[in-house]
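J.: I'd like to ask you about the structure that follows.
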Amino acid sequence: MTGKAVQKELKLHYTPEQERYARECSALEYAQSRGYELIRKGNYYQMKEHDSMVFTTDGRWFWNSRSLFGGAGDFIVHYEGKTWVEAVLILNHAEGQTYADVKAGIHPRQDAPKPPQARPTPAPVEKVPFKLPTQSLDFRRMFGYLCGTRKLDQKILQDLIGQSRLYESVYRYTDNTGKQKEIHNAVFVGMDAHGEPKSAFQRGLSSLGSNTTYKRDVPGSDASAAFCIPGNQDVDTVLVFEASIDAISHASIYKDAGLDYKMYDRIALGGTEKTVGLTTYLQSHPNISRVVIAMDEDAAGRAADQKIRELLGEGQYNLVSLRQSVGKDWNDYLVKWRQVAEDAGQLPTTSNYSMDPGKIVGRIHYLDDRGTVTATVAYDNLAALQRKVRFSLNSGERIVAETPEQQARIHRDREPSTPTQPLPEPEPDYEMEL
């Protein structure tokens, strides 16, 4: 027998039947059999030593901090550092099985008993220390971008700044010509249950637009600490968004319509795979009974919606899917909302909810799928207007609400003054934060 033939005979090998069996194995059952310490959290299990690792009762696992997921074999590959061949053989209890073994017919049956096994040593996970970027002396660039380009509500932003959930950062450096330069980012801060910053997401602000494509988590961020817009103390509903700007956009739409935007908590996961932010939030908020999933209007958003439903299961929470109706995300909807509202003076009323001449408290503009206004209904009853707005927003109907208070804010926002946030002089920090 030649050397190559001998190598082939000794090469690890599995049969098609063994691979089919491995693909059907439950990651949860495998983790339990290997001695991993798991903590039950309602309809899923969480690994004690890595709380971003979640196992579902249908046999899958999700490593949220690394955006990984799959079945038992994938868990062995990604978490235990094995090859796929080794993973298949481990699940079939045929470690070390070679091609020669298969030819000789001595591989074990796929329905062989599965004795408890010693827990393997997982690959080490390095943790980068978390440090918030340096604050800028004022927040002019951030307000210019978030209010001017993204149309976010100025007062909501100021509330978030006061809660230390939002600020503008500055990174100072010297270019190759010796000139001092600065890079500015908007920083959205996620806190743990004790109010301590544990994560942050940066979006570029340089030159009010030239660097706004820069998007990155601050190194060392803990995905379990989701960005949150807290509601009133007794809320029982949380709205779950993919991005911080989408969460603020939804709150801004409610405020524009004259609704109390604090009737809900809102959290942003910072990505479709980071569901650990939601599960951690729910653990520290036992008052929540309703979870509204408000992801982007794309394939990834729909997949994330389904993933959250499977993760939480049915029964413990009232799960609702909220699809925005204009554009690809909630900020697209807000920008269109503000555009229609700013031009509302040119739009005639086509019908009235009830008629009390001279007592119009607001109007609702109905849009087609291209964002064009097709009808405008005037209301003389504020409670009726607000009920209709909430129903329309919660059912995905394309509307824009217009109120006198909103029009007054629009005119104020057109003033040239830009709000600033005075801050103490920051400590020098020249560590690269890009």
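Going through the structure tokens in order, the chains are called A, B, and so on, while each chain numbers its residues from 1 and the ligands are numbered from 1 in the order shown.
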Using DSSP on the backbone coordinates, identify the residues of stretch 20-225 of chain A assigned to strand (DSSP E); present them as a PyMOL selection string.
T.: chain A and resi 38-41+44-47+53-56+61-63+68-70+166-174+180-191+197-204+215-217
J.: Restrict the selected residues to C-alpha atoms and save them as a PDB file, in the first residue's frame.
T.:
ATOM      1  CA  LEU A  38     -26.954  26.396  32.030  1.00  0.00           C
ATOM      2  CA  ILE A  39     -29.510  28.662  33.671  1.00  0.00           C
ATOM      3  CA  ARG A  40     -33.128  28.416  32.596  1.00  0.00           C
ATOM      4  CA  LYS A  41     -34.698  31.731  31.555  1.00  0.00           C
ATOM      5  CA  TYR A  44     -34.554  29.261  26.775  1.00  0.00           C
ATOM      6  CA  TYR A  45     -31.307  28.498  28.604  1.00  0.00           C
ATOM      7  CA  GLN A  46     -28.347  30.784  29.179  1.00  0.00           C
ATOM      8  CA  MET A  47     -24.747  29.657  29.717  1.00  0.00           C
ATOM      9  CA  MET A  53     -24.659  32.141  24.746  1.00  0.00           C
ATOM     10  CA  VAL A  54     -28.288  31.055  24.589  1.00  0.00           C
ATOM     11  CA  PHE A  55     -29.800  27.620  23.923  1.00  0.00           C
ATOM     12  CA  THR A  56     -33.404  27.173  22.766  1.00  0.00           C
ATOM     13  CA  TRP A  61     -27.908  27.934  20.040  1.00  0.00           C
ATOM     14  CA  PHE A  62     -27.131  31.634  19.601  1.00  0.00           C
ATOM     15  CA  TRP A  63     -23.850  33.304  20.564  1.00  0.00           C
ATOM     16  CA  LEU A  68     -23.090  33.075  15.626  1.00  0.00           C
ATOM     17  CA  PHE A  69     -25.807  30.429  15.754  1.00  0.00           C
ATOM     18  CA  GLY A  70     -26.639  26.937  14.561  1.00  0.00           C
ATOM     19  CA  LEU A 166     -26.272  60.087  24.379  1.00  0.00           C
ATOM     20  CA  TYR A 167     -23.424  62.514  23.751  1.00  0.00           C
ATOM     21  CA  GLU A 168     -20.972  63.738  21.130  1.00  0.00           C
ATOM     22  CA  SER A 169     -17.421  62.414  21.284  1.00  0.00           C
ATOM     23  CA  VAL A 170     -14.204  63.918  19.955  1.00  0.00           C
ATOM     24  CA  TYR A 171     -10.981  62.221  18.905  1.00  0.00           C
ATOM     25  CA  ARG A 172      -8.005  64.546  18.409  1.00  0.00           C
ATOM     26  CA  TYR A 173      -5.004  63.612  16.318  1.00  0.00           C
ATOM     27  CA  THR A 174      -2.156  65.082  14.278  1.00  0.00           C
ATOM     28  CA  GLN A 180      -4.225  69.153  14.534  1.00  0.00           C
ATOM     29  CA  LYS A 181      -7.525  67.573  13.533  1.00  0.00           C
ATOM     30  CA  GLU A 182     -10.639  66.208  15.222  1.00  0.00           C
ATOM     31  CA  ILE A 183     -13.115  63.422  14.507  1.00  0.00           C
ATOM     32  CA  HIS A 184     -16.588  63.687  16.065  1.00  0.00           C
ATOM     33  CA  ASN A 185     -19.116  60.897  16.604  1.00  0.00           C
ATOM     34  CA  ALA A 186     -22.546  60.561  18.141  1.00  0.00           C
ATOM     35  CA  VAL A 187     -22.327  58.017  20.973  1.00  0.00           C
ATOM     36  CA  PHE A 188     -25.392  55.984  21.998  1.00  0.00           C
ATOM     37  CA  VAL A 189     -24.776  54.436  25.427  1.00  0.00           C
ATOM     38  CA  GLY A 190     -26.233  51.178  26.749  1.00  0.00           C
ATOM     39  CA  MET A 191     -26.474  50.694  30.527  1.00  0.00           C
ATOM     40  CA  PRO A 197     -22.502  52.235  31.026  1.00  0.00           C
ATOM     41  CA  LYS A 198     -21.551  48.853  29.574  1.00  0.00           C
ATOM     42  CA  SER A 199     -21.854  49.364  25.820  1.00  0.00           C
ATOM     43  CA  ALA A 200     -21.773  52.176  23.272  1.00  0.00           C
ATOM     44  CA  PHE A 201     -22.313  52.600  19.557  1.00  0.00           C
ATOM     45  CA  GLN A 202     -20.654  55.394  17.532  1.00  0.00           C
ATOM     46  CA  ARG A 203     -21.906  57.095  14.373  1.00  0.00           C
ATOM     47  CA  GLY A 204     -19.696  59.567  12.535  1.00  0.00           C
ATOM     48  CA  LYS A 215     -20.681  53.026  12.392  1.00  0.00           C
ATOM     49  CA  ARG A 216     -19.007  50.892  15.010  1.00  0.00           C
ATOM     50  CA  ASP A 217     -19.395  49.543  18.544  1.00  0.00           C
TER      51      ASP A 217
END
J.: Given only C-alpha atoms, how would the per-residue table for stretch 135-245 of chain A near stretch 299-315 of chain A read, listing every residue at most 12 Å away with its closest atom pair and distance in Å to one decimal, sorted by chain and number, as a Markdown table?
T.:
| residue | atom | partner | partner_atom | distance |
| --- | --- | --- | --- | --- |
| A:Leu239 | CA | A:Asp305 | CA | 12.0 |
| A:Val240 | CA | A:Asp305 | CA | 9.6 |
| A:Phe241 | CA | A:Gly301 | CA | 9.4 |
| A:Glu242 | CA | A:Gly301 | CA | 8.0 |
| A:Ala243 | CA | A:Gly301 | CA | 11.1 |
J.: Those selected residues, please, written with N, CA and C atoms and delivered as a compact mmCIF listing (two decimals), in the first residue's frame.
T.:
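Saved the output as result-v7.txt:
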# COMPACT_ATOMS: atom_id res chain seq x y z
N LEU A 239 -40.76 48.13 23.17
CA LEU A 239 -40.61 48.07 21.72
C LEU A 239 -39.15 47.79 21.42
N VAL A 240 -38.90 46.83 20.54
CA VAL A 240 -37.54 46.37 20.26
C VAL A 240 -37.15 46.77 18.85
N PHE A 241 -36.07 47.55 18.72
CA PHE A 241 -35.59 48.04 17.44
C PHE A 241 -34.19 47.50 17.17
N GLU A 242 -33.80 47.58 15.91
CA GLU A 242 -32.45 47.16 15.54
C GLU A 242 -31.43 48.23 15.89
N ALA A 243 -31.75 49.51 15.63
CA ALA A 243 -30.79 50.60 15.78
C ALA A 243 -31.33 51.68 16.70
J.: Do you know which residues are at most 10 Å from A:Ser289 counting only C-alpha atoms, after dropping those on the same chain fewer than 6 positions away, and could you put them as an MDAnalysis selection string?
T.: chainID A and resid 235:238 282 315:319
J.: Grab the residues selected above and save them as a CSV table (one decimal), in the first residue's frame with C-alpha atoms.
T.:
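again.csv written:
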chain,number,residue,atom,x,y,z
A,235,VAL,CA,-45.1,50.6,31.5
A,236,ASP,CA,-45.8,47.0,30.6
A,237,THR,CA,-44.7,47.2,27.0
A,238,VAL,CA,-41.2,47.3,25.4
A,282,LEU,CA,-36.6,41.3,30.3
A,315,GLY,CA,-47.3,32.3,26.4
A,316,GLN,CA,-45.0,34.3,28.7
A,317,TYR,CA,-45.2,37.5,26.7
A,318,ASN,CA,-47.7,38.9,24.3
A,319,LEU,CA,-45.6,39.1,21.2
J.: Residues of stretch 236-308 of chain A in alpha helix (DSSP H) according to DSSP, as JSON, numbers by chain?
T.: {"A": [244, 245, 246, 247, 248, 249, 250, 251, 252, 253, 254, 255, 256, 276, 277, 278, 279, 280, 281, 282, 283, 284, 299, 300, 301, 302, 303, 304, 305, 306, 307, 308]}
J.: Give me, as a ChimeraX atom specification, all polymer residues having an atom no more than 10 Å from A:Asn394, counting only C-alpha atoms and skipping those fewer than 6 positions away in the same chain.
T.: /A:292,320-324,388
J.: For the selection just defined, write its residues with C-alpha atoms to a file, as a short mmCIF file (atom, residue, chain, number, x, y, z; two decimals), in the first residue's frame.
T.:
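Ended up saving to selection-v5.cif:
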data_model
loop_
_atom_site.label_atom_id
_atom_site.label_comp_id
_atom_site.auth_asym_id
_atom_site.auth_seq_id
_atom_site.Cartn_x
_atom_site.Cartn_y
_atom_site.Cartn_z
CA VAL A 292 -43.42 44.64 20.30
CA VAL A 320 -46.52 41.67 18.49
CA SER A 321 -44.79 42.36 15.18
CA LEU A 322 -44.81 46.05 14.23
CA ARG A 323 -43.97 46.74 10.60
CA GLN A 324 -43.28 50.33 9.62
CA LYS A 388 -56.79 56.83 15.46
#
J.: So, counting only C-alpha atoms, which residue among A:Pro404, A:Pro348, A:Pro133, A:Gly71 is closest to A:Gly220?
T.: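 Result for the nearest residue to A:Gly220: A:Pro133.
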J.: Might you pull out every residue within 8 Å of stretch 221-233 of chain A, with only C-alpha atoms counted and same-chain residues fewer than 2 positions away left off, and present them as JSON, numbers by chain?
T.: {"A": [52, 64, 65, 130, 160, 165, 188, 189, 190, 191, 192, 197, 198, 199, 200, 217, 218, 219, 235, 244, 247, 248, 261, 262, 263, 264, 265, 266, 267, 268, 269, 270, 274, 276, 277, 278, 279, 280, 281]}
J.: One decimal, in Å: what's the spacing between atom CA of A:Gly148 and atom CA of A:Asp332?
T.: 13.7 Å
J.: Tell me, as a ChimeraX atom specification, which residues lie within 7 Å of stretch 74-78 of chain A, counting only C-alpha atoms; anything in the same chain fewer than 5 positions away does not count.
T.: /A:27,83-84,87
J.: Could you take the residues named above and write them with C-alpha atoms, as an mmCIF file, in the first residue's frame?
T.:
data_model
loop_
_atom_site.group_PDB
_atom_site.id
_atom_site.type_symbol
_atom_site.label_atom_id
_atom_site.label_comp_id
_atom_site.auth_asym_id
_atom_site.auth_seq_id
_atom_site.Cartn_x
_atom_site.Cartn_y
_atom_site.Cartn_z
ATOM 1 C CA ALA A 27 -27.367 21.743 20.929
ATOM 2 C CA THR A 83 -13.387 20.628 12.887
ATOM 3 C CA TRP A 84 -16.703 19.663 11.333
ATOM 4 C CA ALA A 87 -17.959 17.409 15.538
#
J.: Within 12 Å of A:Leu259, counting only C-alpha atoms, which residues show up once you throw out same-chain ones fewer than 2 positions away? Write them as number ranges by chain, please.
T.: A: 250-257, 261-264, 382-390, 393, 401-403, 405-406
J.: Given the selection you just returned, output its residues as a file containing N, CA and C atoms, formatted as a compact mmCIF listing (two decimals), in the first residue's frame.
T.:
# COMPACT_ATOMS: atom_id res chain seq x y z
N HIS A 250 -39.07 56.42 16.28
CA HIS A 250 -40.42 56.01 16.67
C HIS A 250 -40.95 56.90 17.80
N ALA A 251 -40.10 57.19 18.78
CA ALA A 251 -40.49 58.09 19.86
C ALA A 251 -40.81 59.48 19.33
N SER A 252 -40.05 59.94 18.34
CA SER A 252 -40.27 61.27 17.75
C SER A 252 -41.61 61.32 17.01
N ILE A 253 -41.96 60.26 16.33
CA ILE A 253 -43.26 60.20 15.64
C ILE A 253 -44.39 60.31 16.65
N TYR A 254 -44.29 59.58 17.75
CA TYR A 254 -45.32 59.67 18.78
C TYR A 254 -45.42 61.09 19.33
N LYS A 255 -44.28 61.70 19.60
CA LYS A 255 -44.30 63.06 20.15
C LYS A 255 -44.87 64.05 19.14
N ASP A 256 -44.52 63.89 17.86
CA ASP A 256 -45.09 64.76 16.83
C ASP A 256 -46.60 64.66 16.77
N ALA A 257 -47.12 63.47 17.01
CA ALA A 257 -48.58 63.25 16.93
C ALA A 257 -49.31 63.68 18.19
N TYR A 261 -44.85 59.81 24.37
CA TYR A 261 -43.91 58.80 23.87
C TYR A 261 -43.37 57.92 24.99
N LYS A 262 -43.59 58.30 26.23
CA LYS A 262 -43.11 57.51 27.35
C LYS A 262 -44.11 56.46 27.81
N MET A 263 -45.12 56.19 27.00
CA MET A 263 -46.05 55.12 27.35
C MET A 263 -45.43 53.74 27.14
N TYR A 264 -44.25 53.70 26.50
CA TYR A 264 -43.53 52.45 26.29
C TYR A 264 -42.06 52.63 26.66
N LEU A 382 -59.65 65.67 20.33
CA LEU A 382 -58.26 65.26 20.50
C LEU A 382 -58.15 63.77 20.85
N ALA A 383 -59.01 63.28 21.73
CA ALA A 383 -58.94 61.87 22.12
C ALA A 383 -59.18 60.96 20.92
N ALA A 384 -60.13 61.33 20.08
CA ALA A 384 -60.41 60.53 18.88
C ALA A 384 -59.23 60.55 17.92
N LEU A 385 -58.60 61.72 17.78
CA LEU A 385 -57.43 61.84 16.92
C LEU A 385 -56.31 60.94 17.42
N GLN A 386 -56.04 60.99 18.72
CA GLN A 386 -54.95 60.19 19.27
C GLN A 386 -55.24 58.70 19.18
N ARG A 387 -56.49 58.29 19.39
CA ARG A 387 -56.84 56.87 19.24
C ARG A 387 -56.58 56.40 17.82
N LYS A 388 -56.97 57.21 16.85
CA LYS A 388 -56.79 56.83 15.46
C LYS A 388 -55.32 56.77 15.08
N VAL A 389 -54.53 57.71 15.58
CA VAL A 389 -53.09 57.72 15.29
C VAL A 389 -52.44 56.46 15.85
N ARG A 390 -52.74 56.12 17.10
CA ARG A 390 -52.15 54.93 17.70
C ARG A 390 -52.56 53.67 16.95
N LEU A 393 -50.64 53.60 13.57
CA LEU A 393 -49.21 53.28 13.72
C LEU A 393 -49.01 51.82 14.12
N ALA A 401 -49.66 62.46 11.08
CA ALA A 401 -50.55 63.28 11.89
C ALA A 401 -50.00 64.70 11.96
N GLU A 402 -50.89 65.64 11.92
CA GLU A 402 -50.51 67.07 11.97
C GLU A 402 -51.29 67.74 13.09
N THR A 403 -50.60 68.40 14.01
CA THR A 403 -51.24 69.12 15.10
C THR A 403 -50.70 70.54 15.16
N GLU A 405 -49.49 72.06 17.70
CA GLU A 405 -48.26 72.05 18.49
C GLU A 405 -47.08 71.60 17.62
N GLN A 406 -47.32 70.62 16.78
CA GLN A 406 -46.28 70.14 15.89
C GLN A 406 -45.85 71.24 14.91
